[in-house]
4 protein chains.
Amino acid sequence: MVRIGIIGYGYWGPQIVRNFHTLEGCEVAVVCDKSDAALRRAKQTYPNMQVSSDVEATLAAPDIDAIAVITPVWTHFELAKAALLNGKHVFVEKPFTSTAAQSEELIELAEKKNLRTMVDHTFLFTGAVKKIRQLVDEGALGKLFYYDSTRVNLGLFQHDVNVIWDLAPHDLSIMDYLIKDKVEAIVATGQNHLNGHEDMAYITIYFQNNIIAHINVNWLSPVKVRTTLIGGEKRMVVWNDLEADEKVKVYDKGVQITNEEGVYDLLVRYRSGDMWAPRVEQTEALKAECGYFVECIKNNTTPFNDGRAGLKVVRMLEAANESIRDRGRLVRV
Amino acid sequence: MVRIGIIGYGYWGPQIVRNFHTLEGCEVAVVCDKSDAALRRAKQTYPNMQVSSDVEATLAAPDIDAIAVITPVWTHFELAKAALLNGKHVFVEKPFTSTAAQSEELIELAEKKNLRTMVDHTFLFTGAVKKIRQLVDEGALGKLFYYDSTRVNLGLFQHDVNVIWDLAPHDLSIMDYLIKDKVEAIVATGQNHLNGHEDMAYITIYFQNNIIAHINVNWLSPVKVRTTLIGGEKRMVVWNDLEADEKVKVYDKGVQITNEEGVYDLLVRYRSGDMWAPRVEQTEALKAECGYFVECIKNNTTPFNDGRAGLKVVRMLEAANESIRDRGRLVRV
Amino acid sequence: MVRIGIIGYGYWGPQIVRNFHTLEGCEVAVVCDKSDAALRRAKQTYPNMQVSSDVEATLAAPDIDAIAVITPVWTHFELAKAALLNGKHVFVEKPFTSTAAQSEELIELAEKKNLRTMVDHTFLFTGAVKKIRQLVDEGALGKLFYYDSTRVNLGLFQHDVNVIWDLAPHDLSIMDYLIKDKVEAIVATGQNHLNGHEDMAYITIYFQNNIIAHINVNWLSPVKVRTTLIGGEKRMVVWNDLEADEKVKVYDKGVQITNEEGVYDLLVRYRSGDMWAPRVEQTEALKAECGYFVECIKNNTTPFNDGRAGLKVVRMLEAANESIRDRGRLVRV
Amino acid sequence: MVRIGIIGYGYWGPQIVRNFHTLEGCEVAVVCDKSDAALRRAKQTYPNMQVSSDVEATLAAPDIDAIAVITPVWTHFELAKAALLNGKHVFVEKPFTSTAAQSEELIELAEKKNLRTMVDHTFLFTGAVKKIRQLVDEGALGKLFYYDSTRVNLGLFQHDVNVIWDLAPHDLSIMDYLIKDKVEAIVATGQNHLNGHEDMAYITIYFQNNIIAHINVNWLSPVKVRTTLIGGEKRMVVWNDLEADEKVKVYDKGVQITNEEGVYDLLVRYRSGDMWAPRVEQTEALKAECGYFVECIKNNTTPFNDGRAGLKVVRMLEAANESIRDRGRLVRV
């Protein structure tokens, strides 16, 4: 039985509590939040669950194996570090930390103490992303050309971070999961219209081997869009996460440059074939992720979405922030 | 009666010929193309129309009032200049010329000889763009925040220009038509995967007063997208040009920062109201544009889509090309 | 404080329990189900709630004011009648009863004992239906022409009733709520392919004044559709309940027969104007309905979705069943 | 060289003329219409084409091999009969004739004189219908369950026929082409709101072997819909003719009744697999049909869409009209 203490019962915390609560082989030892209102809500939903406003005690409780940190990003480092120092495994909400240096320190600390770290990159556990990863791994798309994501809606405005830190971690973690080639550099542009933080941003990520990624994030869009295009030499994918069914569509389409002699027009050839929407798993991603965390603790194995994966995302966020402040200056990663 | 000579009967030329042909008060004097096959096609459709492969003669013909240049962009300058020198008004396919210097020379020449220049920015004559312009002019959107366009599909690959010069002129001319504030600088990123020209590109345009525009153009998308989001302080527009009806949707949505004292959470307020799809004119844009050209010649008035408008687009294309070659370097316009 | 006993904790029961549970001024006294597994599920979610497998005791409990009957339709009559005889108000899942005669008996009994009956026609409490009703009441649509609904998906197969009794009560209750004119007759066609019950059906309802309604229900559709067209002389509505936003679209379109002299072609005139998607309330319909039930009990008022409303739906279901068995014979209502 | 005389240059005639005109091995000998305006339009588009207002002369012209009858339905019989009597093959706009008796007379006459008849069921030549037919023939859908089509829009109001005769021939001919089982009976309901002809109608067609078809046609819909669901035991098809790409979607979904003992719930099993949108031919259907007519004349072969196919559609139209007048009375076919 893995006993987990969960710190933070705001917007996302209740989802984490619910999932760990219903998992076999796992128990929510305590829900900790500084807000009395939050604790009352927790108590109302789970009358028999222990709640606490004492963060120190939660982090130090001898009967707790792991700590889930579901708080604002600027608090992640301090809380996760204390948990690790107390010998607890940590599950940390994305993004992992506010700086790459913090991520590196946590990774080193966890390794020294042989503890697990996991960053909550929930999307990696969705049926859609798993199916796309499978297609990439099987070579169904051929050599990758690009990853182009649009993630826009009206709000939610965060007041401690800009739209990049709020929305882009999703795409950066998915992109990192799907593309094995190395990131070389980042260009980010954007604008703030209201309160000093960028409310819209455009991030270009240059990879090795001519792969390019682009992420369009926006808090000021009248419509919600969650669409990603992934282009390969052999096939192309459109992933629309707002579709109830048929989230992932695979197009047997492409462009080829042929080596024939003659006028240029003959050298570019389009292929246009069937479209195919593979059935994707419908299970709750967060439930699978929480279960995976517990398994990794039990089996003493390193999760693929560990602190190192979290660090890669934080490095790209830092680069994007550096670039956007300087109106698109190329920042090496 | 305005007599027009049309040079170039390739992909777009037949549309121009058809529209000038059916206009009252205007006559197509000759269709000129170097390709015999093109001329045969013209003759088949219009058995009584004069065709010619002699460009010089067409440009110099004494009974011709205006020349339409519907040829590849690298030939625009030379043809338009010769036409102007021969005292002909010119209608030039977009983009106006290959360089801003060429545009400037043509503008100066036309002014000196008191001739009309018009650049074929067809979209400015669509019901959708006219309706959006009306909304902007009436103040229905409030202060503008951003213009964000996606224009992607599979091909058509051009072999003399990259995807920016092929697709972005549409968005740049529309953007310039809708936004009165001045462009300050441009950042463009992108990649070429096949033949040396960029096949996908992301262009950010910084305007004065915190307005920002972004254009996503791509020849390698498995699906065709023609969607533009325009965000204003009071209302927001989604223009989907692929919809048969309801191309323009106006959202009574927004975000406001209020000045109330107290915790931050209270300061950002979302408004969410009705959506409204105004009926837009269904007449053919190109027909209206051709008619407008003839009117401007007759009335000796300067078209709003004249050489100066074309120059502004060319300047942004040049800046985008300069930026993309240097991986997103900020280029002042 | 109104105390409610809820009988039936299968597919829909948990929604009813949850909503009455969170209502102010109301208390779930007991959840009653014959299945131990169901009671265990209830207990797990609400550890402090009383559960029981004793239906008789629940129906007779002196501290209970009202009974919610959330069981298969063939049990509604018996349970509701016993509740009424015991002096309890009743809230009954749709459709009200298996026969019109049963509905009539319950209505009479409730009146004699001055008790409230409510039939769970949840859709009448959605923002979409309330908005359409408002448009009808205001005369925004003009004289009504038709109501045409498609409600198809793959399953859920019921084993005690056909697809008409499973899916059509939604549309029949909505239609009855929107259209004031009287139903005259019903024609139903359909087919059973698998287990003896019709799995698809087409129901035409003839109203007075040339109004016609049609309901397409199908358990064998590969895609889920929930779309209703409502045509009026002045405006027309498309209600797509699967849209996240913009569920209700109002089209300023129509056809008019004019009285001008001359050839026929001039007599039919189309109007085509704007489309408008009014913002609709997003609150949970079932919550509003449960609250309304409690209010009606407290204030001793008759709900608009009372037994009489339920009876009208049951009469149409009976007529449809009679018609479909005879391959579309016209059945007067 | 097959020489064709085309009678009728109204709404559809120009399409027929254009296609026969561009076909190899075929020549449009004359375009005949009683309206001078129509003939002027024809002459403007085809300056070298012969036009005539003399129907008798056209029908009797010795140098004409075939007559295309593209006129209102009530004139089809007389014109086609005269053409056959004069030894001409006939191509007739759908529906074939106003009555089944007329169709039978034309079929008999054509057989006696060994002439070809073809009814313009254009949809049978679309890539979409050909692909669906192929899927049915291959057994990809398994045993067919149903065909359910919605074909609604605002107008076009015909003044000589109701909406059934205007729109349903499309679906009836497609249905007849896809389903080999025999039609048993028809039920039609509907309503007229404006000018005495039904402007909306619902047609149920009962086939042998429990197959059922339904056609929803409506001139009063604010939105245009062209969607057909085809359910089979193994797979199901959704054909949306308004989609630019992906018109035909094949769903690997189904319901099975298993023979296992035990509770009912176990007996109904849903399958839910991939969706697949096969690429469909993009060539113009009417061009293929016109070419097929010419081939059938040259090779002396009977078209599959001959008068007999047209007769089957007319019989169903007659039955539907008989049924709708009697509010859904079952009419045997």
# chains A, B, ... in the order shown; residues from 1 in each chain; ligands from 1
>>> calpha_fit_rmsd(fixed="chain C", moving="chain A")
0.0 Å
>>> residues_around(residues="His76 in chain A", least_positions_apart="6", cutoff="7 Å", atoms="only C-alpha atoms", output="MDAnalysis selection string")
chainID A and resid 69 96:97
>>> write_last_selection(atoms="C-alpha atoms", output="PDB file, in the first residue's frame")
ATOM      1  CA  VAL A  69       2.488  18.827  -5.296  1.00  0.00           C
ATOM      2  CA  PHE A  96       8.004  20.921 -13.033  1.00  0.00           C
ATOM      3  CA  THR A  97       9.648  24.060 -11.611  1.00  0.00           C
TER       4      THR A  97
END
>>> closest_atom_pairs(of="chain D", to="chain A", cutoff="12 Å", atoms="only C-alpha atoms", output="tab-separated table")
residue	atom	partner	partner_atom	distance
D:Asp245	CA	A:Met275	CA	9.5
D:Glu246	CA	A:Met275	CA	7.4
D:Lys247	CA	A:Met275	CA	10.8
D:Val248	CA	A:Met275	CA	10.2
D:Lys249	CA	A:Met275	CA	9.0
D:Val250	CA	A:Trp276	CA	9.4
D:Tyr251	CA	A:Ala277	CA	9.4
D:Asp252	CA	A:Arg279	CA	9.4
D:Lys253	CA	A:Arg279	CA	10.5
D:Arg271	CA	A:Arg279	CA	11.1
D:Ser272	CA	A:Arg279	CA	7.7
D:Gly273	CA	A:Arg279	CA	5.4
D:Asp274	CA	A:Pro278	CA	4.5
D:Met275	CA	A:Ala277	CA	4.9
D:Trp276	CA	A:Trp276	CA	4.4
D:Ala277	CA	A:Met275	CA	4.9
D:Pro278	CA	A:Asp274	CA	4.5
D:Arg279	CA	A:Asp274	CA	4.7
D:Val280	CA	A:Asp274	CA	8.4
D:Glu281	CA	A:Gly273	CA	10.5
D:Gln282	CA	A:Ser272	CA	11.4
>>> closest_residue(among="C:Ile179, C:Cys290, C:Ala37, C:Ala244", to="Gly10 in chain C", atoms="only C-alpha atoms")
C:Ala37
>>> residues_around(residues="Gly13 in chain A", least_positions_apart="3", cutoff="12 Å", atoms="only C-alpha atoms", output="ChimeraX atom specification")
/A:5-10,16-21,31-33,38-39,41-42,68-72,91-93,120,286
>>> residues_around(residues="Asp176 in chain B", least_positions_apart="4", cutoff="8 Å", atoms="only C-alpha atoms", output="ChimeraX atom specification")
/B:172,180,313
>>> write_last_selection(atoms="N, CA and C atoms", output="PDB file, in the first residue's frame")
ATOM      1  N   LEU B 172      -1.565  39.502 -45.697  1.00  0.00           N
ATOM      2  CA  LEU B 172      -0.926  40.798 -45.475  1.00  0.00           C
ATOM      3  C   LEU B 172      -1.782  41.923 -46.039  1.00  0.00           C
ATOM      4  N   LYS B 180      -5.429  49.987 -39.059  1.00  0.00           N
ATOM      5  CA  LYS B 180      -4.892  51.282 -39.480  1.00  0.00           C
ATOM      6  C   LYS B 180      -3.537  51.587 -38.837  1.00  0.00           C
ATOM      7  N   VAL B 313       2.632  45.603 -48.957  1.00  0.00           N
ATOM      8  CA  VAL B 313       2.680  44.144 -48.866  1.00  0.00           C
ATOM      9  C   VAL B 313       4.069  43.626 -49.252  1.00  0.00           C
TER      10      VAL B 313
END
>>> atom_distance(atom1="CA of Lys81 in chain D", atom2="CA of His121 in chain D")
19.4 Å
>>> select_by_dssp(residues="range 91-147 of chain C", states="helix (DSSP H, G or I)", output="list in words")
Ala100, Ala101, Gln102, Ser103, Glu104, Glu105, Leu106, Ile107, Glu108, Leu109, Ala110, Glu111, Lys112, Thr122, Phe123, Leu124, Phe125, Gly127, Ala128, Val129, Lys130, Lys131, Ile132, Arg133, Gln134, Leu135, Val136, Asp137 and Glu138 of chain C
>>> write_last_selection(atoms="N, CA and C atoms", output="JSON list (two decimals), in the first residue's frame")
[["chain", "number", "residue", "atom", "x", "y", "z"],
["C", 100, "ALA", "N", -51.63, 5.01, -20.89],
["C", 100, "ALA", "CA", -52.33, 6.25, -20.59],
["C", 100, "ALA", "C", -53.31, 6.05, -19.44],
["C", 101, "ALA", "N", -53.92, 4.88, -19.39],
["C", 101, "ALA", "CA", -54.88, 4.61, -18.32],
["C", 101, "ALA", "C", -54.20, 4.71, -16.95],
["C", 102, "GLN", "N", -52.99, 4.18, -16.87],
["C", 102, "GLN", "CA", -52.24, 4.27, -15.61],
["C", 102, "GLN", "C", -51.96, 5.74, -15.25],
["C", 103, "SER", "N", -51.53, 6.51, -16.25],
["C", 103, "SER", "CA", -51.27, 7.93, -16.00],
["C", 103, "SER", "C", -52.51, 8.61, -15.45],
["C", 104, "GLU", "N", -53.64, 8.33, -16.10],
["C", 104, "GLU", "CA", -54.89, 8.97, -15.66],
["C", 104, "GLU", "C", -55.23, 8.62, -14.22],
["C", 105, "GLU", "N", -55.01, 7.36, -13.87],
["C", 105, "GLU", "CA", -55.31, 6.93, -12.50],
["C", 105, "GLU", "C", -54.41, 7.65, -11.48],
["C", 106, "LEU", "N", -53.15, 7.80, -11.84],
["C", 106, "LEU", "CA", -52.24, 8.50, -10.92],
["C", 106, "LEU", "C", -52.60, 9.97, -10.79],
["C", 107, "ILE", "N", -52.96, 10.58, -11.90],
["C", 107, "ILE", "CA", -53.33, 12.01, -11.87],
["C", 107, "ILE", "C", -54.54, 12.22, -10.96],
["C", 108, "GLU", "N", -55.54, 11.37, -11.14],
["C", 108, "GLU", "CA", -56.76, 11.47, -10.35],
["C", 108, "GLU", "C", -56.45, 11.27, -8.85],
["C", 109, "LEU", "N", -55.65, 10.27, -8.59],
["C", 109, "LEU", "CA", -55.30, 9.97, -7.20],
["C", 109, "LEU", "C", -54.56, 11.14, -6.54],
["C", 110, "ALA", "N", -53.61, 11.69, -7.29],
["C", 110, "ALA", "CA", -52.83, 12.82, -6.74],
["C", 110, "ALA", "C", -53.72, 14.02, -6.46],
["C", 111, "GLU", "N", -54.68, 14.24, -7.37],
["C", 111, "GLU", "CA", -55.57, 15.38, -7.16],
["C", 111, "GLU", "C", -56.44, 15.18, -5.94],
["C", 112, "LYS", "N", -56.94, 13.97, -5.81],
["C", 112, "LYS", "CA", -57.81, 13.68, -4.68],
["C", 112, "LYS", "C", -57.08, 13.89, -3.36],
["C", 122, "THR", "N", -36.38, 16.17, -18.28],
["C", 122, "THR", "CA", -35.24, 17.02, -17.94],
["C", 122, "THR", "C", -34.96, 18.11, -18.97],
["C", 123, "PHE", "N", -35.12, 17.75, -20.25],
["C", 123, "PHE", "CA", -34.75, 18.70, -21.31],
["C", 123, "PHE", "C", -35.48, 20.03, -21.20],
["C", 124, "LEU", "N", -36.67, 20.02, -20.58],
["C", 124, "LEU", "CA", -37.43, 21.27, -20.48],
["C", 124, "LEU", "C", -36.73, 22.28, -19.58],
["C", 125, "PHE", "N", -35.72, 21.82, -18.86],
["C", 125, "PHE", "CA", -35.00, 22.70, -17.95],
["C", 125, "PHE", "C", -33.62, 23.09, -18.48],
["C", 127, "GLY", "N", -30.99, 25.16, -20.85],
["C", 127, "GLY", "CA", -30.94, 26.51, -21.38],
["C", 127, "GLY", "C", -31.41, 26.58, -22.82],
["C", 128, "ALA", "N", -31.10, 25.54, -23.60],
["C", 128, "ALA", "CA", -31.47, 25.54, -25.01],
["C", 128, "ALA", "C", -32.99, 25.54, -25.18],
["C", 129, "VAL", "N", -33.66, 24.62, -24.50],
["C", 129, "VAL", "CA", -35.12, 24.53, -24.68],
["C", 129, "VAL", "C", -35.80, 25.77, -24.10],
["C", 130, "LYS", "N", -35.29, 26.28, -22.99],
["C", 130, "LYS", "CA", -35.89, 27.48, -22.43],
["C", 130, "LYS", "C", -35.75, 28.67, -23.39],
["C", 131, "LYS", "N", -34.60, 28.74, -24.05],
["C", 131, "LYS", "CA", -34.39, 29.83, -25.00],
["C", 131, "LYS", "C", -35.31, 29.69, -26.21],
["C", 132, "ILE", "N", -35.48, 28.46, -26.70],
["C", 132, "ILE", "CA", -36.36, 28.26, -27.87],
["C", 132, "ILE", "C", -37.81, 28.58, -27.48],
["C", 133, "ARG", "N", -38.20, 28.13, -26.30],
["C", 133, "ARG", "CA", -39.55, 28.45, -25.83],
["C", 133, "ARG", "C", -39.77, 29.96, -25.78],
["C", 134, "GLN", "N", -38.75, 30.66, -25.29],
["C", 134, "GLN", "CA", -38.86, 32.11, -25.21],
["C", 134, "GLN", "C", -39.02, 32.72, -26.61],
["C", 135, "LEU", "N", -38.25, 32.21, -27.57],
["C", 135, "LEU", "CA", -38.37, 32.71, -28.95],
["C", 135, "LEU", "C", -39.76, 32.46, -29.50],
["C", 136, "VAL", "N", -40.30, 31.28, -29.22],
["C", 136, "VAL", "CA", -41.65, 30.95, -29.70],
["C", 136, "VAL", "C", -42.67, 31.88, -29.05],
["C", 137, "ASP", "N", -42.53, 32.04, -27.74],
["C", 137, "ASP", "CA", -43.50, 32.87, -27.01],
["C", 137, "ASP", "C", -43.48, 34.32, -27.47],
["C", 138, "GLU", "N", -42.28, 34.81, -27.76],
["C", 138, "GLU", "CA", -42.15, 36.19, -28.21],
["C", 138, "GLU", "C", -42.64, 36.39, -29.64]]
>>> residues_around(residues="Ile4 in chain C", least_positions_apart="5", cutoff="10 Å", atoms="only C-alpha atoms", output="ChimeraX atom specification")
/C:17,20-21,26-31,58,63-68,88-91,294
>>> write_last_selection(atoms="N, CA and C atoms", output="PDB file, in the first residue's frame")
ATOM      1  N   VAL C  17     -29.968  11.401  -7.167  1.00  0.00           N
ATOM      2  CA  VAL C  17     -29.501  11.474  -5.779  1.00  0.00           C
ATOM      3  C   VAL C  17     -28.546  12.652  -5.606  1.00  0.00           C
ATOM      4  N   PHE C  20     -30.567  16.056  -5.723  1.00  0.00           N
ATOM      5  CA  PHE C  20     -31.371  16.324  -4.515  1.00  0.00           C
ATOM      6  C   PHE C  20     -30.460  16.485  -3.297  1.00  0.00           C
ATOM      7  N   HIS C  21     -29.354  15.743  -3.271  1.00  0.00           N
ATOM      8  CA  HIS C  21     -28.432  15.800  -2.146  1.00  0.00           C
ATOM      9  C   HIS C  21     -27.826  17.190  -1.963  1.00  0.00           C
ATOM     10  N   CYS C  26     -33.743  20.588   1.219  1.00  0.00           N
ATOM     11  CA  CYS C  26     -34.158  19.264   0.784  1.00  0.00           C
ATOM     12  C   CYS C  26     -33.146  18.254   1.308  1.00  0.00           C
ATOM     13  N   GLU C  27     -33.599  17.057   1.607  1.00  0.00           N
ATOM     14  CA  GLU C  27     -32.698  16.050   2.150  1.00  0.00           C
ATOM     15  C   GLU C  27     -33.055  14.691   1.553  1.00  0.00           C
ATOM     16  N   VAL C  28     -32.036  13.940   1.152  1.00  0.00           N
ATOM     17  CA  VAL C  28     -32.296  12.578   0.686  1.00  0.00           C
ATOM     18  C   VAL C  28     -32.393  11.686   1.925  1.00  0.00           C
ATOM     19  N   ALA C  29     -33.608  11.252   2.197  1.00  0.00           N
ATOM     20  CA  ALA C  29     -33.828  10.463   3.414  1.00  0.00           C
ATOM     21  C   ALA C  29     -33.294   9.049   3.261  1.00  0.00           C
ATOM     22  N   VAL C  30     -33.480   8.479   2.083  1.00  0.00           N
ATOM     23  CA  VAL C  30     -33.031   7.103   1.884  1.00  0.00           C
ATOM     24  C   VAL C  30     -32.893   6.843   0.382  1.00  0.00           C
ATOM     25  N   VAL C  31     -31.909   6.006   0.040  1.00  0.00           N
ATOM     26  CA  VAL C  31     -31.781   5.495  -1.325  1.00  0.00           C
ATOM     27  C   VAL C  31     -32.150   4.022  -1.277  1.00  0.00           C
ATOM     28  N   THR C  58     -39.723   1.938   2.467  1.00  0.00           N
ATOM     29  CA  THR C  58     -39.386   3.256   1.931  1.00  0.00           C
ATOM     30  C   THR C  58     -40.650   4.019   1.545  1.00  0.00           C
ATOM     31  N   ASP C  63     -41.389   9.667   7.874  1.00  0.00           N
ATOM     32  CA  ASP C  63     -40.612  10.918   7.819  1.00  0.00           C
ATOM     33  C   ASP C  63     -40.226  11.295   6.400  1.00  0.00           C
ATOM     34  N   ILE C  64     -40.853  10.692   5.420  1.00  0.00           N
ATOM     35  CA  ILE C  64     -40.539  10.998   4.017  1.00  0.00           C
ATOM     36  C   ILE C  64     -41.715  11.742   3.389  1.00  0.00           C
ATOM     37  N   ASP C  65     -41.380  12.881   2.705  1.00  0.00           N
ATOM     38  CA  ASP C  65     -42.427  13.710   2.099  1.00  0.00           C
ATOM     39  C   ASP C  65     -42.700  13.345   0.643  1.00  0.00           C
ATOM     40  N   ALA C  66     -41.662  12.888  -0.035  1.00  0.00           N
ATOM     41  CA  ALA C  66     -41.787  12.677  -1.476  1.00  0.00           C
ATOM     42  C   ALA C  66     -40.960  11.468  -1.893  1.00  0.00           C
ATOM     43  N   ILE C  67     -41.429  10.826  -2.956  1.00  0.00           N
ATOM     44  CA  ILE C  67     -40.731   9.650  -3.480  1.00  0.00           C
ATOM     45  C   ILE C  67     -40.330   9.937  -4.931  1.00  0.00           C
ATOM     46  N   ALA C  68     -39.060   9.664  -5.228  1.00  0.00           N
ATOM     47  CA  ALA C  68     -38.610   9.741  -6.617  1.00  0.00           C
ATOM     48  C   ALA C  68     -38.506   8.326  -7.154  1.00  0.00           C
ATOM     49  N   LYS C  88     -47.445  10.566  -0.224  1.00  0.00           N
ATOM     50  CA  LYS C  88     -46.173  11.169  -0.667  1.00  0.00           C
ATOM     51  C   LYS C  88     -46.351  11.838  -2.041  1.00  0.00           C
ATOM     52  N   HIS C  89     -45.700  12.983  -2.224  1.00  0.00           N
ATOM     53  CA  HIS C  89     -45.553  13.551  -3.552  1.00  0.00           C
ATOM     54  C   HIS C  89     -44.659  12.615  -4.372  1.00  0.00           C
ATOM     55  N   VAL C  90     -44.834  12.642  -5.696  1.00  0.00           N
ATOM     56  CA  VAL C  90     -43.995  11.750  -6.507  1.00  0.00           C
ATOM     57  C   VAL C  90     -43.299  12.483  -7.664  1.00  0.00           C
ATOM     58  N   PHE C  91     -42.055  12.094  -7.871  1.00  0.00           N
ATOM     59  CA  PHE C  91     -41.229  12.530  -8.993  1.00  0.00           C
ATOM     60  C   PHE C  91     -40.926  11.251  -9.773  1.00  0.00           C
ATOM     61  N   VAL C 294     -38.968  20.649  -5.463  1.00  0.00           N
ATOM     62  CA  VAL C 294     -39.011  21.011  -4.044  1.00  0.00           C
ATOM     63  C   VAL C 294     -39.825  22.292  -3.839  1.00  0.00           C
TER      64      VAL C 294
END
>>> atom_distance(atom1="CA of Thr45 in chain D", atom2="CA of Glu284 in chain B")
19.1 Å
>>> atom_distance(atom1="CA of Val237 in chain A", atom2="CA of Leu141 in chain A")
8.1 Å
>>> residues_around(residues="Leu154 in chain B", least_positions_apart="2", cutoff="9 Å", atoms="only C-alpha atoms", output="mmCIF file with N, CA and C atoms, in the first residue's frame")
data_model
loop_
_atom_site.group_PDB
_atom_site.id
_atom_site.type_symbol
_atom_site.label_atom_id
_atom_site.label_comp_id
_atom_site.auth_asym_id
_atom_site.auth_seq_id
_atom_site.Cartn_x
_atom_site.Cartn_y
_atom_site.Cartn_z
ATOM 1 N N LYS A 253 -1.535 11.069 -47.297
ATOM 2 C CA LYS A 253 -1.259 12.146 -48.235
ATOM 3 C C LYS A 253 0.195 12.551 -48.108
ATOM 4 N N GLY A 254 0.737 13.099 -49.156
ATOM 5 C CA GLY A 254 2.109 13.538 -49.049
ATOM 6 C C GLY A 254 2.569 14.235 -50.309
ATOM 7 N N VAL A 255 3.779 14.701 -50.244
ATOM 8 C CA VAL A 255 4.411 15.367 -51.374
ATOM 9 C C VAL A 255 5.747 14.686 -51.587
ATOM 10 N N TYR A 270 2.088 14.994 -55.714
ATOM 11 C CA TYR A 270 1.225 14.872 -54.551
ATOM 12 C C TYR A 270 0.625 13.480 -54.517
ATOM 13 N N VAL B 152 -3.481 27.053 -44.784
ATOM 14 C CA VAL B 152 -2.654 25.874 -45.047
ATOM 15 C C VAL B 152 -3.415 24.883 -45.929
ATOM 16 N N LEU B 156 -0.435 24.397 -53.470
ATOM 17 C CA LEU B 156 0.308 24.206 -54.683
ATOM 18 C C LEU B 156 1.744 24.713 -54.514
ATOM 19 N N PHE B 157 2.735 23.839 -54.743
ATOM 20 C CA PHE B 157 4.120 24.271 -54.699
ATOM 21 C C PHE B 157 4.427 25.195 -55.868
ATOM 22 N N ASN B 218 1.330 27.152 -45.015
ATOM 23 C CA ASN B 218 1.911 25.812 -45.063
ATOM 24 C C ASN B 218 1.424 25.102 -46.321
ATOM 25 N N TRP B 219 2.391 24.582 -47.110
ATOM 26 C CA TRP B 219 2.042 23.796 -48.300
ATOM 27 C C TRP B 219 1.949 22.307 -47.980
ATOM 28 N N LEU B 220 2.242 21.931 -46.753
ATOM 29 C CA LEU B 220 2.357 20.503 -46.427
ATOM 30 C C LEU B 220 1.293 20.059 -45.435
ATOM 31 N N SER B 221 0.140 20.724 -45.424
ATOM 32 C CA SER B 221 -0.911 20.328 -44.489
ATOM 33 C C SER B 221 -1.848 19.328 -45.151
ATOM 34 N N PRO B 222 -2.224 18.274 -44.432
ATOM 35 C CA PRO B 222 -3.138 17.294 -45.042
ATOM 36 C C PRO B 222 -4.543 17.841 -45.225
ATOM 37 N N VAL B 223 -4.878 18.887 -44.491
ATOM 38 C CA VAL B 223 -6.215 19.465 -44.594
ATOM 39 C C VAL B 223 -6.106 20.931 -44.983
ATOM 40 N N LYS B 224 -7.132 21.416 -45.636
ATOM 41 C CA LYS B 224 -7.176 22.809 -46.033
ATOM 42 C C LYS B 224 -7.815 23.613 -44.907
#
>>> residues_around(residues="Ala201 in chain A", least_positions_apart="5", cutoff="6 Å", atoms="only C-alpha atoms", output="list in words")
Thr189, Gly190 and Val217 of chain A
>>> write_last_selection(atoms="C-alpha atoms", output="short mmCIF file (atom, residue, chain, number, x, y, z; two decimals), in the first residue's frame")
data_model
loop_
_atom_site.label_atom_id
_atom_site.label_comp_id
_atom_site.auth_asym_id
_atom_site.auth_seq_id
_atom_site.Cartn_x
_atom_site.Cartn_y
_atom_site.Cartn_z
CA THR A 189 6.77 36.14 -30.21
CA GLY A 190 3.66 37.44 -28.55
CA VAL A 217 -1.29 29.66 -27.41
#
>>> closest_residue(among="A:Ala83, A:Ile212, A:Ala185, A:Leu229", to="Thr150 in chain A", atoms="only C-alpha atoms")
A:Leu229
